[in-house]
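Peer 1: Here it is: the structure, laid out below.
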Amino acid sequence: MSTPLLQVKNLCTSFNVDSGEVRAVNGVSFNLDKGRVLGIVGESGSGKSVTAYSIMGILVEPGRIKSGEILFNGEDIVKYNKKQMREFRGKRVSIIFQDPMTSLNPVYTIGNQLREAIMLHTDRNRQQANERALEMLKLVGVNSPEQRLKQYPFELSGGMRQRIMIAMALCCEPDILIADEPTTALDVTIQAQILELMQELQKKLGMAIIMITHDLGVIADMCDEIIVMYAGRVCERGTADEIFYNPCHEYTKGLLRSIPRLDTNHARLIPISGSPVDLTNLPKGCAFASRCDNCMKICLSELPEELDINDNHKAACWMNVRQVYNEAAKGGNVE
Ligand SMILES: Nc1ncnc2c1ncn2[C@@H]1O[C@H](COP(=O)(O)OP(=O)(O)O)[C@@H](O)[C@H]1O
Ligand SMILES: [Mg+2]
């Protein structure tokens with residue numbers, strides 16, 4: 001078996017603040033193979049962005065990777081120095097954010113910023129960088145690309161700015177594109193166009209994508225695999241079909257109930273009741289227990305491990321342990 005492109009192993013990332021240690025990511029593991037699309041989904045505050053920033057090496061103080069490994073082609077990038085990390089970013093892995101305005105510099109033209117990005121990571125000269133910038137704008141479906149190069153970010157629509165961010169992220173042909181809620185700030189029609197563009201580019205260029213969202217509906221058609229995060233842990237993972245049609249964790253079921261569906265007449269959205277846990281004071285058992293309709297005694301005292309539902313699906317929920325036990329008992333395998 002070949003080495004996965006990216007392996008995140010038991011990643012723990014915390015923020016030490018006055019009130020204590022905010023444990024944003026608590027032992028997250030996943031693999032990403034070349035050219036695959038992985039979805040990371042969870043409510044706001046579940047640790048999705050902190051996971052992404054840990055991989056990119058862009059955590060800000062007081063954020064710190066406490067333990068774990070992030071292997072890129074088998075090499076641990078947590079051990080990289082600043083220079084190695086800078087090279088890794090941009091060339092190997094790029095990220096796009098929810099709000100392109102925060103990443104685009106308002107005082108420089110689009111052309112200037114694209115050229116800079118290209119010249120920083122490749123040995124192209126100005127002329128060649130300009131050609132590459134034009135080529136990239138065409139690739140991401142920006143009309144009148146020559147004119148766009150001369151414009152400033154504020155002169156463009158939100159959807160157009162996000163296309164330009166995608167162009168900037170892809171100009172050095174990274175192996176992995178991390179998209180952190182890339183369409184959350186856009187209205188629905190534009191959202192669909194950007195997702196379509198990302199899928200198209202993925203097919204054309206073959207990079208792997210980590211697609212981060214709080215909205216399971218957004219990633220339905222796009223992901224090969226999905227991990228569901230809650231309180232900095234993976235509570236369920238599987239192929240998109242398994243997550244959508246056979247959810248096994250109560251939290252995932254709750255997320256699914258909270259997205260609009262086209263196949264029901266009444267688009268009634270049911271939010272998950274209760275509020276997220278305090279990350280400075282995580283409970284001993286399952287972090288979702290206090291919000292779970294099926295909470296059992298053991299859920300309050302012991303952390304459930306991820307258990308195989310089938311070859312393409314795992315969930316960390318005591319309900320599944322009980323089901324496995326019951327089924328085994330029916331078959332006479334349990335004394
Ligand atoms: N700069 C920070 N200082 C303190 N805590 C932070 C900081 N950034 C993030 N966190 C904590 O990490 C948790 C996870 O954040 P994040 O990964 O951004 O969530 P999301 O899943 O919405 O992307 C937050 O709930 C917050 O408690
Ligand atoms: Mg986030």
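In the structure tokens, each chain is lettered A, B, ... as it comes, each chain's residues begin at 1, and ligands are numbered from 1 in order of appearance.
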Counting only C-alpha atoms and all ligand atoms, what are the residues, protein, DNA or RNA alike, that approach ligand 2 to within 8 Å? I want them as a ChimeraX atom specification.

Peer 2: /A:44-45,47-50,180-181,212-213

Peer 1: Please, could you write that set of residues out with C-alpha atoms as a PDB file, in the first residue's frame?

Peer 2:
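This went into part38.pdb:
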```pdb
ATOM      1  CA  SER A  44     -19.200  26.352  14.499  1.00  0.00           C
ATOM      2  CA  GLY A  45     -16.482  25.956  17.146  1.00  0.00           C
ATOM      3  CA  GLY A  47     -12.276  22.657  15.634  1.00  0.00           C
ATOM      4  CA  LYS A  48     -12.411  22.533  11.852  1.00  0.00           C
ATOM      5  CA  SER A  49     -10.434  25.701  11.167  1.00  0.00           C
ATOM      6  CA  VAL A  50      -7.922  24.990  13.923  1.00  0.00           C
ATOM      7  CA  ASP A 180     -12.346  26.643   4.793  1.00  0.00           C
ATOM      8  CA  GLU A 181     -16.057  27.471   4.399  1.00  0.00           C
ATOM      9  CA  ILE A 212     -14.479  22.423   5.440  1.00  0.00           C
ATOM     10  CA  THR A 213     -18.056  23.418   6.166  1.00  0.00           C
TER      11      THR A 213
END
```

Peer 1: Residues up to 10 Å from ligand 1, counting only C-alpha atoms and all ligand atoms: could you list those as an MDAnalysis selection string?

Peer 2: chainID A and resid 13:25 40:54 59:63 180:181 212:214 229:232 276:280

Peer 1: I want to know what sits within 9 Å of region 218-221 of chain A, based on only C-alpha atoms, with residues of the same chain fewer than 5 positions away left out; could you give that as number ranges by chain?

Peer 2: A: 39, 41, 183, 191-192, 195, 211-213, 226, 240-241, 244

Peer 1: Enumerate, as a PyMOL selection string, the complete set of residues in region 55-127 of chain A that a backbone-based DSSP assignment places in alpha helix (DSSP H).

Peer 2: chain A and resi 55-56+82-91+100-103+110-121+126-127

Peer 1: How would you write, as a VMD selection string, the set of residues in region 4-113 of chain A that DSSP gives as strand (DSSP E)?

Peer 2: chain A and resid 6 to 17 20 to 32 37 to 41 63 to 72 75 to 76 93 to 96

Peer 1: I need the chosen residues saved as a PDB file, in the first residue's frame, with C-alpha atoms.

Peer 2:
```pdb
ATOM      1  CA  LEU A   6      -1.378  13.484   4.057  1.00  0.00           C
ATOM      2  CA  GLN A   7      -1.687  11.676   7.372  1.00  0.00           C
ATOM      3  CA  VAL A   8      -2.893  13.521  10.429  1.00  0.00           C
ATOM      4  CA  LYS A   9      -2.225  11.400  13.501  1.00  0.00           C
ATOM      5  CA  ASN A  10      -3.695  12.146  16.882  1.00  0.00           C
ATOM      6  CA  LEU A  11      -3.441  15.902  16.437  1.00  0.00           C
ATOM      7  CA  CYS A  12      -3.991  17.955  19.601  1.00  0.00           C
ATOM      8  CA  THR A  13      -4.015  21.740  19.326  1.00  0.00           C
ATOM      9  CA  SER A  14      -4.737  24.079  22.238  1.00  0.00           C
ATOM     10  CA  PHE A  15      -4.929  27.755  23.091  1.00  0.00           C
ATOM     11  CA  ASN A  16      -3.602  28.706  26.485  1.00  0.00           C
ATOM     12  CA  VAL A  17      -5.734  31.597  27.673  1.00  0.00           C
ATOM     13  CA  GLY A  20      -7.256  27.828  31.075  1.00  0.00           C
ATOM     14  CA  GLU A  21      -6.363  25.578  28.169  1.00  0.00           C
ATOM     15  CA  VAL A  22      -8.877  25.743  25.327  1.00  0.00           C
ATOM     16  CA  ARG A  23      -8.610  22.263  23.829  1.00  0.00           C
ATOM     17  CA  ALA A  24      -9.730  23.078  20.308  1.00  0.00           C
ATOM     18  CA  VAL A  25      -8.497  19.855  18.673  1.00  0.00           C
ATOM     19  CA  ASN A  26      -8.272  16.668  20.734  1.00  0.00           C
ATOM     20  CA  GLY A  27      -6.743  13.714  18.945  1.00  0.00           C
ATOM     21  CA  VAL A  28      -7.900  14.113  15.367  1.00  0.00           C
ATOM     22  CA  SER A  29      -6.648  11.549  12.864  1.00  0.00           C
ATOM     23  CA  PHE A  30      -7.333  11.134   9.180  1.00  0.00           C
ATOM     24  CA  ASN A  31      -5.662  10.278   5.904  1.00  0.00           C
ATOM     25  CA  LEU A  32      -5.979  12.004   2.581  1.00  0.00           C
ATOM     26  CA  VAL A  37     -11.839  15.058  -1.654  1.00  0.00           C
ATOM     27  CA  LEU A  38     -12.298  14.944   2.112  1.00  0.00           C
ATOM     28  CA  GLY A  39     -15.078  16.856   3.824  1.00  0.00           C
ATOM     29  CA  ILE A  40     -14.730  18.111   7.396  1.00  0.00           C
ATOM     30  CA  VAL A  41     -18.075  19.054   8.850  1.00  0.00           C
ATOM     31  CA  GLY A  63      -2.426  28.478  19.581  1.00  0.00           C
ATOM     32  CA  ARG A  64       0.016  25.579  19.666  1.00  0.00           C
ATOM     33  CA  ILE A  65       0.182  22.004  18.388  1.00  0.00           C
ATOM     34  CA  LYS A  66       0.589  20.079  21.633  1.00  0.00           C
ATOM     35  CA  SER A  67       1.052  16.633  20.217  1.00  0.00           C
ATOM     36  CA  GLY A  68       0.483  14.493  17.189  1.00  0.00           C
ATOM     37  CA  GLU A  69       1.973  14.188  13.746  1.00  0.00           C
ATOM     38  CA  ILE A  70       1.120  15.690  10.380  1.00  0.00           C
ATOM     39  CA  LEU A  71       2.835  13.628   7.716  1.00  0.00           C
ATOM     40  CA  PHE A  72       3.068  14.900   4.172  1.00  0.00           C
ATOM     41  CA  GLU A  75       7.461  13.494   6.385  1.00  0.00           C
ATOM     42  CA  ASP A  76       6.414  15.144   9.646  1.00  0.00           C
ATOM     43  CA  VAL A  93      -0.763  23.038   0.246  1.00  0.00           C
ATOM     44  CA  SER A  94      -2.885  26.136  -0.238  1.00  0.00           C
ATOM     45  CA  ILE A  95      -5.864  27.440   1.641  1.00  0.00           C
ATOM     46  CA  ILE A  96      -8.845  29.593   0.750  1.00  0.00           C
TER      47      ILE A  96
END
```

Peer 1: Work out how far apart CA of Met296 (chain A) and CA of Lys284 (chain A) are and give it in Å to one decimal.

Peer 2: 13.7 Å

Peer 1: Considering only C-alpha atoms, give me a table of residues in region 164-238 of chain A that are at most 10 Å from region 306-327 of chain A, with the closest atom pair and distance in Å for each, as CSV.

Peer 2:
```
residue,atom,partner,partner_atom,distance
A:Glu225,CA,A:Asn312,CA,8.9
A:Ile226,CA,A:His313,CA,9.6
A:Ile227,CA,A:Lys314,CA,9.5
A:Val228,CA,A:Ala315,CA,9.3
A:Arg233,CA,A:Ala316,CA,9.5
A:Val234,CA,A:Ala316,CA,7.7
A:Cys235,CA,A:Ala316,CA,5.0
A:Glu236,CA,A:Ala315,CA,4.2
A:Arg237,CA,A:Lys314,CA,5.3
A:Gly238,CA,A:His313,CA,4.1
```

Peer 1: Residues as selected, N, CA and C atoms, written as a JSON list (two decimals), in the first residue's frame, can you do that?

Peer 2:
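Output below, filename again_14.json:
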```json
[["chain", "number", "residue", "atom", "x", "y", "z"],
["A", 225, "GLU", "N", -14.94, 11.18, 1.05],
["A", 225, "GLU", "CA", -15.07, 10.79, 2.45],
["A", 225, "GLU", "C", -15.42, 12.02, 3.29],
["A", 226, "ILE", "N", -16.11, 11.79, 4.39],
["A", 226, "ILE", "CA", -16.48, 12.90, 5.27],
["A", 226, "ILE", "C", -16.09, 12.56, 6.70],
["A", 227, "ILE", "N", -15.49, 13.52, 7.41],
["A", 227, "ILE", "CA", -15.35, 13.34, 8.84],
["A", 227, "ILE", "C", -16.21, 14.38, 9.55],
["A", 228, "VAL", "N", -16.88, 13.94, 10.60],
["A", 228, "VAL", "CA", -17.77, 14.81, 11.35],
["A", 228, "VAL", "C", -17.08, 15.13, 12.66],
["A", 233, "ARG", "N", -13.07, 16.59, 18.30],
["A", 233, "ARG", "CA", -12.84, 15.16, 18.05],
["A", 233, "ARG", "C", -13.62, 14.73, 16.82],
["A", 234, "VAL", "N", -13.17, 13.62, 16.23],
["A", 234, "VAL", "CA", -13.94, 13.04, 15.13],
["A", 234, "VAL", "C", -14.99, 12.13, 15.76],
["A", 235, "CYS", "N", -16.26, 12.41, 15.52],
["A", 235, "CYS", "CA", -17.26, 11.51, 16.12],
["A", 235, "CYS", "C", -17.80, 10.52, 15.11],
["A", 236, "GLU", "N", -17.65, 10.83, 13.85],
["A", 236, "GLU", "CA", -18.09, 9.87, 12.83],
["A", 236, "GLU", "C", -17.30, 10.12, 11.56],
["A", 237, "ARG", "N", -17.05, 9.06, 10.80],
["A", 237, "ARG", "CA", -16.37, 9.22, 9.51],
["A", 237, "ARG", "C", -16.83, 8.12, 8.57],
["A", 238, "GLY", "N", -16.84, 8.45, 7.29],
["A", 238, "GLY", "CA", -17.26, 7.44, 6.33],
["A", 238, "GLY", "C", -17.38, 8.04, 4.94]]
```

Peer 1: Could you please determine the separation between CA of Gln98 (chain A) and CA of Ile209 (chain A) in Å, to one decimal place?

Peer 2: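 We find that CA of Gln98 (chain A) and CA of Ile209 (chain A) lie 15.3 Å from each other.
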